[in-house]
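What follows is the content of coords.cif, which has mmCIF, N, CA and C atoms:
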```cif
data_structure
#
loop_
_atom_site.group_PDB
_atom_site.id
_atom_site.type_symbol
_atom_site.label_atom_id
_atom_site.label_comp_id
_atom_site.auth_asym_id
_atom_site.auth_seq_id
_atom_site.Cartn_x
_atom_site.Cartn_y
_atom_site.Cartn_z
ATOM 1 N N MET A 125 1.295 14.403 -8.910
ATOM 2 C CA MET A 125 0.452 13.302 -9.318
ATOM 3 C C MET A 125 -0.263 12.733 -8.093
ATOM 4 N N ALA A 126 -1.542 12.518 -8.219
ATOM 5 C CA ALA A 126 -2.344 12.024 -7.095
ATOM 6 C C ALA A 126 -2.468 10.501 -7.178
ATOM 7 N N TYR A 127 -2.012 9.840 -6.135
ATOM 8 C CA TYR A 127 -2.148 8.392 -6.043
ATOM 9 C C TYR A 127 -3.381 8.059 -5.230
ATOM 10 N N LYS A 128 -4.011 6.929 -5.542
ATOM 11 C CA LYS A 128 -5.185 6.501 -4.789
ATOM 12 C C LYS A 128 -4.781 5.879 -3.465
ATOM 13 N N ILE A 129 -3.565 5.337 -3.386
ATOM 14 C CA ILE A 129 -3.048 4.764 -2.144
ATOM 15 C C ILE A 129 -1.847 5.586 -1.710
ATOM 16 N N LYS A 130 -1.836 5.981 -0.440
ATOM 17 C CA LYS A 130 -0.756 6.810 0.092
ATOM 18 C C LYS A 130 -0.158 6.165 1.337
ATOM 19 N N LYS A 131 0.982 6.680 1.745
ATOM 20 C CA LYS A 131 1.657 6.207 2.956
ATOM 21 C C LYS A 131 0.738 6.412 4.160
ATOM 22 N N GLY A 132 0.631 5.378 4.987
ATOM 23 C CA GLY A 132 -0.207 5.459 6.181
ATOM 24 C C GLY A 132 -1.607 4.888 6.005
ATOM 25 N N ASP A 133 -2.008 4.571 4.780
ATOM 26 C CA ASP A 133 -3.336 3.996 4.537
ATOM 27 C C ASP A 133 -3.376 2.538 4.986
ATOM 28 N N ASP A 134 -4.537 2.106 5.465
ATOM 29 C CA ASP A 134 -4.774 0.695 5.746
ATOM 30 C C ASP A 134 -5.269 0.054 4.462
ATOM 31 N N VAL A 135 -4.578 -1.006 4.010
ATOM 32 C CA VAL A 135 -4.913 -1.629 2.734
ATOM 33 C C VAL A 135 -5.218 -3.111 2.907
ATOM 34 N N PHE A 136 -5.912 -3.661 1.914
ATOM 35 C CA PHE A 136 -6.325 -5.055 1.845
ATOM 36 C C PHE A 136 -5.662 -5.650 0.612
ATOM 37 N N VAL A 137 -5.034 -6.826 0.737
ATOM 38 C CA VAL A 137 -4.367 -7.469 -0.396
ATOM 39 C C VAL A 137 -5.404 -8.271 -1.180
ATOM 40 N N LEU A 138 -5.527 -7.981 -2.484
ATOM 41 C CA LEU A 138 -6.538 -8.602 -3.339
ATOM 42 C C LEU A 138 -6.091 -9.913 -3.966
ATOM 43 N N SER A 139 -4.785 -10.081 -4.234
ATOM 44 C CA SER A 139 -4.317 -11.302 -4.885
ATOM 45 C C SER A 139 -2.887 -11.601 -4.489
ATOM 46 N N GLY A 140 -2.471 -12.830 -4.774
ATOM 47 C CA GLY A 140 -1.113 -13.255 -4.465
ATOM 48 C C GLY A 140 -1.085 -14.160 -3.248
ATOM 49 N N LYS A 141 0.131 -14.460 -2.774
ATOM 50 C CA LYS A 141 0.276 -15.396 -1.663
ATOM 51 C C LYS A 141 -0.267 -14.849 -0.348
ATOM 52 N N ASP A 142 -0.390 -13.544 -0.234
ATOM 53 C CA ASP A 142 -0.898 -12.907 0.984
ATOM 54 C C ASP A 142 -2.328 -12.404 0.819
ATOM 55 N N LYS A 143 -3.093 -12.993 -0.100
ATOM 56 C CA LYS A 143 -4.467 -12.574 -0.372
ATOM 57 C C LYS A 143 -5.299 -12.606 0.912
ATOM 58 N N GLY A 144 -6.032 -11.504 1.158
ATOM 59 C CA GLY A 144 -6.892 -11.420 2.330
ATOM 60 C C GLY A 144 -6.256 -10.737 3.526
ATOM 61 N N LYS A 145 -4.940 -10.541 3.505
ATOM 62 C CA LYS A 145 -4.266 -9.888 4.634
ATOM 63 C C LYS A 145 -4.468 -8.376 4.552
ATOM 64 N N THR A 146 -4.361 -7.728 5.708
ATOM 65 C CA THR A 146 -4.433 -6.276 5.762
ATOM 66 C C THR A 146 -3.179 -5.740 6.433
ATOM 67 N N GLY A 147 -2.863 -4.488 6.158
ATOM 68 C CA GLY A 147 -1.696 -3.864 6.767
ATOM 69 C C GLY A 147 -1.641 -2.394 6.439
ATOM 70 N N LYS A 148 -0.686 -1.713 7.033
ATOM 71 C CA LYS A 148 -0.504 -0.278 6.831
ATOM 72 C C LYS A 148 0.618 -0.057 5.825
ATOM 73 N N VAL A 149 0.428 0.894 4.905
ATOM 74 C CA VAL A 149 1.438 1.208 3.902
ATOM 75 C C VAL A 149 2.580 1.950 4.585
ATOM 76 N N LEU A 150 3.789 1.388 4.473
ATOM 77 C CA LEU A 150 4.964 2.007 5.073
ATOM 78 C C LEU A 150 5.662 2.947 4.099
ATOM 79 N N LYS A 151 5.643 2.599 2.805
ATOM 80 C CA LYS A 151 6.371 3.386 1.812
ATOM 81 C C LYS A 151 5.814 3.097 0.423
ATOM 82 N N ILE A 152 5.802 4.109 -0.446
ATOM 83 C CA ILE A 152 5.441 3.947 -1.853
ATOM 84 C C ILE A 152 6.738 3.976 -2.663
ATOM 85 N N VAL A 153 6.940 2.957 -3.491
ATOM 86 C CA VAL A 153 8.139 2.866 -4.324
ATOM 87 C C VAL A 153 7.726 3.205 -5.755
ATOM 88 N N LYS A 154 8.150 4.373 -6.239
ATOM 89 C CA LYS A 154 7.767 4.819 -7.580
ATOM 90 C C LYS A 154 8.700 4.224 -8.625
ATOM 91 N N SER A 155 8.123 3.812 -9.740
ATOM 92 C CA SER A 155 8.886 3.253 -10.842
ATOM 93 C C SER A 155 9.353 4.371 -11.769
ATOM 94 N N THR A 156 10.561 4.226 -12.295
ATOM 95 C CA THR A 156 11.073 5.225 -13.239
ATOM 96 C C THR A 156 10.582 4.944 -14.649
ATOM 97 N N VAL A 157 10.111 3.719 -14.893
ATOM 98 C CA VAL A 157 9.704 3.317 -16.234
ATOM 99 C C VAL A 157 8.253 3.663 -16.525
ATOM 100 N N ASN A 158 7.348 3.232 -15.627
ATOM 101 C CA ASN A 158 5.937 3.331 -15.914
ATOM 102 C C ASN A 158 5.154 3.431 -14.606
ATOM 103 N N LYS A 159 4.093 4.220 -14.581
ATOM 104 C CA LYS A 159 3.287 4.383 -13.367
ATOM 105 C C LYS A 159 2.614 3.072 -12.949
ATOM 106 N N SER A 160 2.311 2.202 -13.908
ATOM 107 C CA SER A 160 1.639 0.945 -13.583
ATOM 108 C C SER A 160 2.561 -0.028 -12.856
ATOM 109 N N ARG A 161 3.843 0.270 -12.786
ATOM 110 C CA ARG A 161 4.802 -0.587 -12.093
ATOM 111 C C ARG A 161 5.125 -0.080 -10.696
ATOM 112 N N ASP A 162 4.402 0.902 -10.208
ATOM 113 C CA ASP A 162 4.630 1.422 -8.866
ATOM 114 C C ASP A 162 4.240 0.383 -7.829
ATOM 115 N N LYS A 163 4.967 0.375 -6.715
ATOM 116 C CA LYS A 163 4.755 -0.623 -5.674
ATOM 117 C C LYS A 163 4.639 0.049 -4.313
ATOM 118 N N ALA A 164 4.216 -0.730 -3.330
ATOM 119 C CA ALA A 164 4.120 -0.252 -1.954
ATOM 120 C C ALA A 164 4.685 -1.309 -1.026
ATOM 121 N N ILE A 165 5.311 -0.849 0.056
ATOM 122 C CA ILE A 165 5.760 -1.753 1.102
ATOM 123 C C ILE A 165 4.701 -1.704 2.193
ATOM 124 N N VAL A 166 4.098 -2.876 2.482
ATOM 125 C CA VAL A 166 2.991 -2.974 3.429
ATOM 126 C C VAL A 166 3.451 -3.762 4.652
ATOM 127 N N GLU A 167 3.105 -3.260 5.821
ATOM 128 C CA GLU A 167 3.498 -3.877 7.081
ATOM 129 C C GLU A 167 2.883 -5.273 7.216
ATOM 130 N N GLY A 168 3.733 -6.297 7.376
ATOM 131 C CA GLY A 168 3.275 -7.661 7.578
ATOM 132 C C GLY A 168 2.850 -8.407 6.330
ATOM 133 N N VAL A 169 3.099 -7.847 5.154
ATOM 134 C CA VAL A 169 2.684 -8.466 3.893
ATOM 135 C C VAL A 169 3.908 -8.684 3.010
ATOM 136 N N ASN A 170 3.932 -9.801 2.276
ATOM 137 C CA ASN A 170 5.013 -10.153 1.354
ATOM 138 C C ASN A 170 6.354 -10.237 2.081
ATOM 139 N N ILE A 171 6.367 -10.975 3.176
ATOM 140 C CA ILE A 171 7.574 -11.122 3.985
ATOM 141 C C ILE A 171 8.446 -12.230 3.409
ATOM 142 N N VAL A 172 9.747 -11.931 3.253
ATOM 143 C CA VAL A 172 10.719 -12.904 2.763
ATOM 144 C C VAL A 172 11.873 -12.975 3.753
ATOM 145 N N LYS A 173 12.600 -14.080 3.720
ATOM 146 C CA LYS A 173 13.773 -14.258 4.574
ATOM 147 C C LYS A 173 15.011 -13.834 3.802
ATOM 148 N N LYS A 174 15.862 -13.039 4.447
ATOM 149 C CA LYS A 174 17.095 -12.577 3.825
ATOM 150 C C LYS A 174 18.267 -13.103 4.642
ATOM 151 N N HIS A 175 19.212 -13.758 3.974
ATOM 152 C CA HIS A 175 20.406 -14.290 4.621
ATOM 153 C C HIS A 175 21.498 -13.228 4.545
ATOM 154 N N ASN A 176 22.011 -12.820 5.698
ATOM 155 C CA ASN A 176 23.038 -11.786 5.746
ATOM 156 C C ASN A 176 24.397 -12.398 6.038
ATOM 157 N N LYS A 177 25.385 -11.940 5.294
ATOM 158 C CA LYS A 177 26.751 -12.361 5.512
ATOM 159 C C LYS A 177 27.376 -11.426 6.541
ATOM 160 N N GLN A 178 28.209 -11.953 7.385
ATOM 161 C CA GLN A 178 28.823 -11.117 8.422
ATOM 162 C C GLN A 178 29.867 -10.208 7.805
ATOM 163 N N SER A 179 29.870 -8.951 8.264
ATOM 164 C CA SER A 179 30.885 -7.990 7.854
ATOM 165 C C SER A 179 31.317 -7.216 9.088
ATOM 166 N N ALA A 180 32.093 -6.204 8.901
ATOM 167 C CA ALA A 180 32.590 -5.418 10.033
ATOM 168 C C ALA A 180 31.465 -4.672 10.745
ATOM 169 N N THR A 181 30.389 -4.330 10.017
ATOM 170 C CA THR A 181 29.302 -3.544 10.607
ATOM 171 C C THR A 181 28.038 -4.342 10.899
ATOM 172 N N THR A 182 27.837 -5.465 10.219
ATOM 173 C CA THR A 182 26.599 -6.231 10.410
ATOM 174 C C THR A 182 26.880 -7.635 10.919
ATOM 175 N N LYS A 183 25.891 -8.191 11.621
ATOM 176 C CA LYS A 183 25.985 -9.567 12.106
ATOM 177 C C LYS A 183 25.427 -10.522 11.053
ATOM 178 N N ALA A 184 25.917 -11.753 11.102
ATOM 179 C CA ALA A 184 25.405 -12.780 10.204
ATOM 180 C C ALA A 184 24.090 -13.313 10.751
ATOM 181 N N GLY A 185 23.228 -13.794 9.852
ATOM 182 C CA GLY A 185 21.979 -14.381 10.288
ATOM 183 C C GLY A 185 20.897 -14.254 9.249
ATOM 184 N N ILE A 186 19.711 -14.694 9.636
ATOM 185 C CA ILE A 186 18.550 -14.638 8.751
ATOM 186 C C ILE A 186 17.557 -13.653 9.336
ATOM 187 N N GLU A 187 17.118 -12.698 8.518
ATOM 188 C CA GLU A 187 16.123 -11.737 8.980
ATOM 189 C C GLU A 187 14.932 -11.736 8.030
ATOM 190 N N SER A 188 13.772 -11.411 8.563
ATOM 191 C CA SER A 188 12.562 -11.312 7.747
ATOM 192 C C SER A 188 12.339 -9.851 7.382
ATOM 193 N N ILE A 189 12.149 -9.594 6.083
ATOM 194 C CA ILE A 189 11.906 -8.223 5.632
ATOM 195 C C ILE A 189 10.669 -8.198 4.734
ATOM 196 N N GLU A 190 10.050 -7.020 4.634
ATOM 197 C CA GLU A 190 8.896 -6.840 3.762
ATOM 198 C C GLU A 190 9.367 -6.346 2.400
ATOM 199 N N LYS A 191 8.933 -7.011 1.352
ATOM 200 C CA LYS A 191 9.280 -6.616 -0.005
ATOM 201 C C LYS A 191 8.099 -5.857 -0.616
ATOM 202 N N PRO A 192 8.362 -5.045 -1.636
ATOM 203 C CA PRO A 192 7.274 -4.279 -2.266
ATOM 204 C C PRO A 192 6.257 -5.165 -2.967
ATOM 205 N N ILE A 193 5.020 -4.667 -3.045
ATOM 206 C CA ILE A 193 3.924 -5.358 -3.729
ATOM 207 C C ILE A 193 3.266 -4.337 -4.663
ATOM 208 N N TYR A 194 2.839 -4.788 -5.840
ATOM 209 C CA TYR A 194 2.236 -3.878 -6.820
ATOM 210 C C TYR A 194 0.983 -3.209 -6.263
ATOM 211 N N LEU A 195 0.788 -1.930 -6.615
ATOM 212 C CA LEU A 195 -0.372 -1.174 -6.143
ATOM 213 C C LEU A 195 -1.683 -1.744 -6.673
ATOM 214 N N CYS A 196 -1.649 -2.383 -7.849
ATOM 215 C CA CYS A 196 -2.875 -2.939 -8.422
ATOM 216 C C CYS A 196 -3.399 -4.120 -7.619
ATOM 217 N N LYS A 197 -2.560 -4.709 -6.760
ATOM 218 C CA LYS A 197 -2.972 -5.839 -5.921
ATOM 219 C C LYS A 197 -3.501 -5.376 -4.574
ATOM 220 N N LEU A 198 -3.572 -4.055 -4.358
ATOM 221 C CA LEU A 198 -4.001 -3.499 -3.078
ATOM 222 C C LEU A 198 -5.276 -2.691 -3.238
ATOM 223 N N SER A 199 -6.079 -2.670 -2.187
ATOM 224 C CA SER A 199 -7.279 -1.850 -2.139
ATOM 225 C C SER A 199 -7.394 -1.267 -0.729
ATOM 226 N N ILE A 200 -7.866 -0.044 -0.635
ATOM 227 C CA ILE A 200 -7.983 0.607 0.673
ATOM 228 C C ILE A 200 -9.105 -0.045 1.474
ATOM 229 N N THR A 201 -8.864 -0.230 2.774
ATOM 230 C CA THR A 201 -9.846 -0.827 3.673
ATOM 231 C C THR A 201 -10.778 0.255 4.204
ATOM 232 N N ASP A 202 -12.081 0.006 4.099
ATOM 233 C CA ASP A 202 -13.086 0.917 4.633
ATOM 234 C C ASP A 202 -13.056 0.839 6.157
ATOM 235 N N PRO A 203 -12.849 1.952 6.868
ATOM 236 C CA PRO A 203 -12.760 1.896 8.335
ATOM 237 C C PRO A 203 -14.050 1.434 9.015
ATOM 238 N N LYS A 204 -15.210 1.655 8.398
ATOM 239 C CA LYS A 204 -16.485 1.261 9.007
ATOM 240 C C LYS A 204 -16.731 -0.236 8.879
ATOM 241 N N THR A 205 -16.601 -0.779 7.671
ATOM 242 C CA THR A 205 -16.946 -2.178 7.411
ATOM 243 C C THR A 205 -15.747 -3.114 7.447
ATOM 244 N N LYS A 206 -14.528 -2.585 7.446
ATOM 245 C CA LYS A 206 -13.287 -3.371 7.417
ATOM 246 C C LYS A 206 -13.185 -4.234 6.154
ATOM 247 N N LYS A 207 -13.834 -3.803 5.072
ATOM 248 C CA LYS A 207 -13.780 -4.504 3.796
ATOM 249 C C LYS A 207 -13.125 -3.591 2.761
ATOM 250 N N PRO A 208 -12.586 -4.158 1.666
ATOM 251 C CA PRO A 208 -11.936 -3.324 0.659
ATOM 252 C C PRO A 208 -12.940 -2.455 -0.095
ATOM 253 N N SER A 209 -12.471 -1.283 -0.482
ATOM 254 C CA SER A 209 -13.314 -0.345 -1.215
ATOM 255 C C SER A 209 -12.480 0.355 -2.278
ATOM 256 N N ARG A 210 -13.131 0.715 -3.368
ATOM 257 C CA ARG A 210 -12.436 1.484 -4.397
ATOM 258 C C ARG A 210 -12.364 2.943 -3.976
ATOM 259 N N VAL A 211 -11.450 3.678 -4.615
ATOM 260 C CA VAL A 211 -11.215 5.069 -4.243
ATOM 261 C C VAL A 211 -11.500 5.965 -5.438
ATOM 262 N N GLY A 212 -12.131 7.104 -5.173
ATOM 263 C CA GLY A 212 -12.374 8.105 -6.201
ATOM 264 C C GLY A 212 -11.897 9.456 -5.723
ATOM 265 N N PHE A 213 -11.932 10.430 -6.615
ATOM 266 C CA PHE A 213 -11.548 11.794 -6.286
ATOM 267 C C PHE A 213 -12.734 12.715 -6.509
ATOM 268 N N LYS A 214 -12.858 13.727 -5.647
ATOM 269 C CA LYS A 214 -13.876 14.750 -5.857
ATOM 270 C C LYS A 214 -13.367 16.068 -5.309
ATOM 271 N N LYS A 215 -13.960 17.156 -5.822
ATOM 272 C CA LYS A 215 -13.583 18.489 -5.355
ATOM 273 C C LYS A 215 -14.619 18.988 -4.367
ATOM 274 N N LEU A 216 -14.133 19.561 -3.282
ATOM 275 C CA LEU A 216 -15.022 20.152 -2.294
ATOM 276 C C LEU A 216 -15.423 21.549 -2.736
ATOM 277 N N LYS A 217 -16.329 22.166 -1.994
ATOM 278 C CA LYS A 217 -16.816 23.501 -2.361
ATOM 279 C C LYS A 217 -15.707 24.542 -2.312
ATOM 280 N N ASP A 218 -14.720 24.331 -1.434
ATOM 281 C CA ASP A 218 -13.613 25.296 -1.340
ATOM 282 C C ASP A 218 -12.541 25.054 -2.407
ATOM 283 N N GLY A 219 -12.752 24.080 -3.311
ATOM 284 C CA GLY A 219 -11.828 23.821 -4.410
ATOM 285 C C GLY A 219 -10.751 22.802 -4.090
ATOM 286 N N LYS A 220 -10.793 22.216 -2.915
ATOM 287 C CA LYS A 220 -9.795 21.240 -2.501
ATOM 288 C C LYS A 220 -10.150 19.861 -3.058
ATOM 289 N N LYS A 221 -9.154 19.152 -3.608
ATOM 290 C CA LYS A 221 -9.355 17.820 -4.176
ATOM 291 C C LYS A 221 -9.092 16.789 -3.089
ATOM 292 N N VAL A 222 -10.062 15.884 -2.850
ATOM 293 C CA VAL A 222 -9.932 14.876 -1.802
ATOM 294 C C VAL A 222 -10.253 13.490 -2.356
ATOM 295 N N ARG A 223 -9.747 12.460 -1.670
ATOM 296 C CA ARG A 223 -10.064 11.074 -2.003
ATOM 297 C C ARG A 223 -11.284 10.654 -1.195
ATOM 298 N N PHE A 224 -12.119 9.793 -1.788
ATOM 299 C CA PHE A 224 -13.271 9.274 -1.041
ATOM 300 C C PHE A 224 -13.460 7.805 -1.374
ATOM 301 N N LEU A 225 -14.049 7.079 -0.422
ATOM 302 C CA LEU A 225 -14.335 5.661 -0.615
ATOM 303 C C LEU A 225 -15.655 5.513 -1.337
ATOM 304 N N LYS A 226 -15.697 4.705 -2.383
ATOM 305 C CA LYS A 226 -16.899 4.585 -3.201
ATOM 306 C C LYS A 226 -17.998 3.787 -2.514
ATOM 307 N N LYS A 227 -17.656 2.863 -1.605
ATOM 308 C CA LYS A 227 -18.683 2.068 -0.916
ATOM 309 C C LYS A 227 -19.450 2.890 0.090
ATOM 310 N N SER A 228 -18.715 3.601 0.965
ATOM 311 C CA SER A 228 -19.372 4.325 2.048
ATOM 312 C C SER A 228 -19.505 5.822 1.772
ATOM 313 N N GLY A 229 -18.743 6.356 0.821
ATOM 314 C CA GLY A 229 -18.785 7.787 0.533
ATOM 315 C C GLY A 229 -17.953 8.618 1.487
ATOM 316 N N GLU A 230 -17.245 7.968 2.405
ATOM 317 C CA GLU A 230 -16.430 8.668 3.401
ATOM 318 C C GLU A 230 -15.190 9.260 2.754
ATOM 319 N N THR A 231 -14.811 10.478 3.136
ATOM 320 C CA THR A 231 -13.631 11.115 2.582
ATOM 321 C C THR A 231 -12.392 10.691 3.359
ATOM 322 N N LEU A 232 -11.270 10.622 2.651
ATOM 323 C CA LEU A 232 -9.990 10.265 3.257
ATOM 324 C C LEU A 232 -9.117 11.515 3.340
ATOM 325 N N THR A 233 -8.292 11.569 4.356
ATOM 326 C CA THR A 233 -7.407 12.737 4.509
ATOM 327 C C THR A 233 -6.093 12.510 3.811
#
```
Let me see the file written as structure tokens.
Amino acid sequence: MAYKIKKGDDVFVLSGKDKGKTGKVLKIVKSTVNKSRDKAIVEGVNIVKKHNKQSATTKAGIESIEKPIYLCKLSITDPKTKKPSRVGFKKLKDGKKVRFLKKSGETLT
């Protein structure tokens, strides 16, 4: 299955408490129920504080971690304009399917 957003892409947050922020996708979290519930973990976005209890292996304290955000709230950032752009798919002459940005027409790897 081809996703429009992949690991390593620079994305722009469209809505929510982190609206307007940008970051790199660290991981895609696939839903077992429905494709529309798939999420992504984005660097520096949707940060929450987690309180850890001390155990034999971990120290007690508060740490900041990134939580997943729905893919529908993300858009790929155009490298030329640094603005969000929609993504489409097209086939090259050699038969290879690639993603491209609809604003600039630039292909993504």
Residues in the PyMOL selection byres ((chain A and resi 175) around 7), expressed as an mmCIF file with N, CA and C atoms, in the frame of the given file:
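Output file expr_13.cif is given in full below:
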```cif
data_model
loop_
_atom_site.group_PDB
_atom_site.id
_atom_site.type_symbol
_atom_site.label_atom_id
_atom_site.label_comp_id
_atom_site.auth_asym_id
_atom_site.auth_seq_id
_atom_site.Cartn_x
_atom_site.Cartn_y
_atom_site.Cartn_z
ATOM 1 N N LYS A 173 12.600 -14.080 3.720
ATOM 2 C CA LYS A 173 13.773 -14.258 4.574
ATOM 3 C C LYS A 173 15.011 -13.834 3.802
ATOM 4 N N LYS A 174 15.862 -13.039 4.447
ATOM 5 C CA LYS A 174 17.095 -12.577 3.825
ATOM 6 C C LYS A 174 18.267 -13.103 4.642
ATOM 7 N N ASN A 176 22.011 -12.820 5.698
ATOM 8 C CA ASN A 176 23.038 -11.786 5.746
ATOM 9 C C ASN A 176 24.397 -12.398 6.038
ATOM 10 N N LYS A 177 25.385 -11.940 5.294
ATOM 11 C CA LYS A 177 26.751 -12.361 5.512
ATOM 12 C C LYS A 177 27.376 -11.426 6.541
ATOM 13 N N ALA A 184 25.917 -11.753 11.102
ATOM 14 C CA ALA A 184 25.405 -12.780 10.204
ATOM 15 C C ALA A 184 24.090 -13.313 10.751
ATOM 16 N N GLY A 185 23.228 -13.794 9.852
ATOM 17 C CA GLY A 185 21.979 -14.381 10.288
ATOM 18 C C GLY A 185 20.897 -14.254 9.249
ATOM 19 N N ILE A 186 19.711 -14.694 9.636
ATOM 20 C CA ILE A 186 18.550 -14.638 8.751
ATOM 21 C C ILE A 186 17.557 -13.653 9.336
ATOM 22 N N GLU A 187 17.118 -12.698 8.518
ATOM 23 C CA GLU A 187 16.123 -11.737 8.980
ATOM 24 C C GLU A 187 14.932 -11.736 8.030
#
```
Evaluate the PyMOL selection byres ((chain A and resi 196) around 8) and report residues as a ChimeraX atom specification
/A:137-139,160-164,193-195,197-199
Which residues in range 125-221 of chain A does DSSP call strand (DSSP E)? List them as a ChimeraX atom specification.
/A:134-137,146-153,163-166,171-176,185-190,193-194,198-201,208-209,211-215,221
Translate the PyMOL selection byres (((chain A and resi 142-153 and name CA) around 8) and name CA) into a concrete residue list for this structure, as a ChimeraX atom specification.
/A:130-141,154-155,162-170,192,201
Please dump the current selection as a JSON list (two decimals), in the frame of the given file; keep N, CA and C atoms.
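After the write, selection32.json holds the following:
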```json
[["chain", "number", "residue", "atom", "x", "y", "z"],
["A", 130, "LYS", "N", -1.84, 5.98, -0.44],
["A", 130, "LYS", "CA", -0.76, 6.81, 0.09],
["A", 130, "LYS", "C", -0.16, 6.16, 1.34],
["A", 131, "LYS", "N", 0.98, 6.68, 1.74],
["A", 131, "LYS", "CA", 1.66, 6.21, 2.96],
["A", 131, "LYS", "C", 0.74, 6.41, 4.16],
["A", 132, "GLY", "N", 0.63, 5.38, 4.99],
["A", 132, "GLY", "CA", -0.21, 5.46, 6.18],
["A", 132, "GLY", "C", -1.61, 4.89, 6.00],
["A", 133, "ASP", "N", -2.01, 4.57, 4.78],
["A", 133, "ASP", "CA", -3.34, 4.00, 4.54],
["A", 133, "ASP", "C", -3.38, 2.54, 4.99],
["A", 134, "ASP", "N", -4.54, 2.11, 5.46],
["A", 134, "ASP", "CA", -4.77, 0.70, 5.75],
["A", 134, "ASP", "C", -5.27, 0.05, 4.46],
["A", 135, "VAL", "N", -4.58, -1.01, 4.01],
["A", 135, "VAL", "CA", -4.91, -1.63, 2.73],
["A", 135, "VAL", "C", -5.22, -3.11, 2.91],
["A", 136, "PHE", "N", -5.91, -3.66, 1.91],
["A", 136, "PHE", "CA", -6.32, -5.06, 1.84],
["A", 136, "PHE", "C", -5.66, -5.65, 0.61],
["A", 137, "VAL", "N", -5.03, -6.83, 0.74],
["A", 137, "VAL", "CA", -4.37, -7.47, -0.40],
["A", 137, "VAL", "C", -5.40, -8.27, -1.18],
["A", 138, "LEU", "N", -5.53, -7.98, -2.48],
["A", 138, "LEU", "CA", -6.54, -8.60, -3.34],
["A", 138, "LEU", "C", -6.09, -9.91, -3.97],
["A", 139, "SER", "N", -4.78, -10.08, -4.23],
["A", 139, "SER", "CA", -4.32, -11.30, -4.88],
["A", 139, "SER", "C", -2.89, -11.60, -4.49],
["A", 140, "GLY", "N", -2.47, -12.83, -4.77],
["A", 140, "GLY", "CA", -1.11, -13.26, -4.46],
["A", 140, "GLY", "C", -1.08, -14.16, -3.25],
["A", 141, "LYS", "N", 0.13, -14.46, -2.77],
["A", 141, "LYS", "CA", 0.28, -15.40, -1.66],
["A", 141, "LYS", "C", -0.27, -14.85, -0.35],
["A", 154, "LYS", "N", 8.15, 4.37, -6.24],
["A", 154, "LYS", "CA", 7.77, 4.82, -7.58],
["A", 154, "LYS", "C", 8.70, 4.22, -8.62],
["A", 155, "SER", "N", 8.12, 3.81, -9.74],
["A", 155, "SER", "CA", 8.89, 3.25, -10.84],
["A", 155, "SER", "C", 9.35, 4.37, -11.77],
["A", 162, "ASP", "N", 4.40, 0.90, -10.21],
["A", 162, "ASP", "CA", 4.63, 1.42, -8.87],
["A", 162, "ASP", "C", 4.24, 0.38, -7.83],
["A", 163, "LYS", "N", 4.97, 0.38, -6.72],
["A", 163, "LYS", "CA", 4.76, -0.62, -5.67],
["A", 163, "LYS", "C", 4.64, 0.05, -4.31],
["A", 164, "ALA", "N", 4.22, -0.73, -3.33],
["A", 164, "ALA", "CA", 4.12, -0.25, -1.95],
["A", 164, "ALA", "C", 4.68, -1.31, -1.03],
["A", 165, "ILE", "N", 5.31, -0.85, 0.06],
["A", 165, "ILE", "CA", 5.76, -1.75, 1.10],
["A", 165, "ILE", "C", 4.70, -1.70, 2.19],
["A", 166, "VAL", "N", 4.10, -2.88, 2.48],
["A", 166, "VAL", "CA", 2.99, -2.97, 3.43],
["A", 166, "VAL", "C", 3.45, -3.76, 4.65],
["A", 167, "GLU", "N", 3.10, -3.26, 5.82],
["A", 167, "GLU", "CA", 3.50, -3.88, 7.08],
["A", 167, "GLU", "C", 2.88, -5.27, 7.22],
["A", 168, "GLY", "N", 3.73, -6.30, 7.38],
["A", 168, "GLY", "CA", 3.28, -7.66, 7.58],
["A", 168, "GLY", "C", 2.85, -8.41, 6.33],
["A", 169, "VAL", "N", 3.10, -7.85, 5.15],
["A", 169, "VAL", "CA", 2.68, -8.47, 3.89],
["A", 169, "VAL", "C", 3.91, -8.68, 3.01],
["A", 170, "ASN", "N", 3.93, -9.80, 2.28],
["A", 170, "ASN", "CA", 5.01, -10.15, 1.35],
["A", 170, "ASN", "C", 6.35, -10.24, 2.08],
["A", 192, "PRO", "N", 8.36, -5.04, -1.64],
["A", 192, "PRO", "CA", 7.27, -4.28, -2.27],
["A", 192, "PRO", "C", 6.26, -5.16, -2.97],
["A", 201, "THR", "N", -8.86, -0.23, 2.77],
["A", 201, "THR", "CA", -9.85, -0.83, 3.67],
["A", 201, "THR", "C", -10.78, 0.26, 4.20]]
```
Figure out the distance between atom N of Gly212 in chain A and atom N of Leu225 in chain A, please, to one decimal in Å.
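Interatomic distance, atom N of Leu225 in chain A to atom N of Gly212 in chain A: 5.1 Å.
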Expected axis-aligned box over every listed atom of range 184-195 of chain A, 5 Å added per side, centre plus edges in Å to one decimal, as JSON:
```
{"center_x": 12.1, "center_y": -7.9, "center_z": 2.1, "size_x": 37.6, "size_y": 23.5, "size_z": 27.9}
```
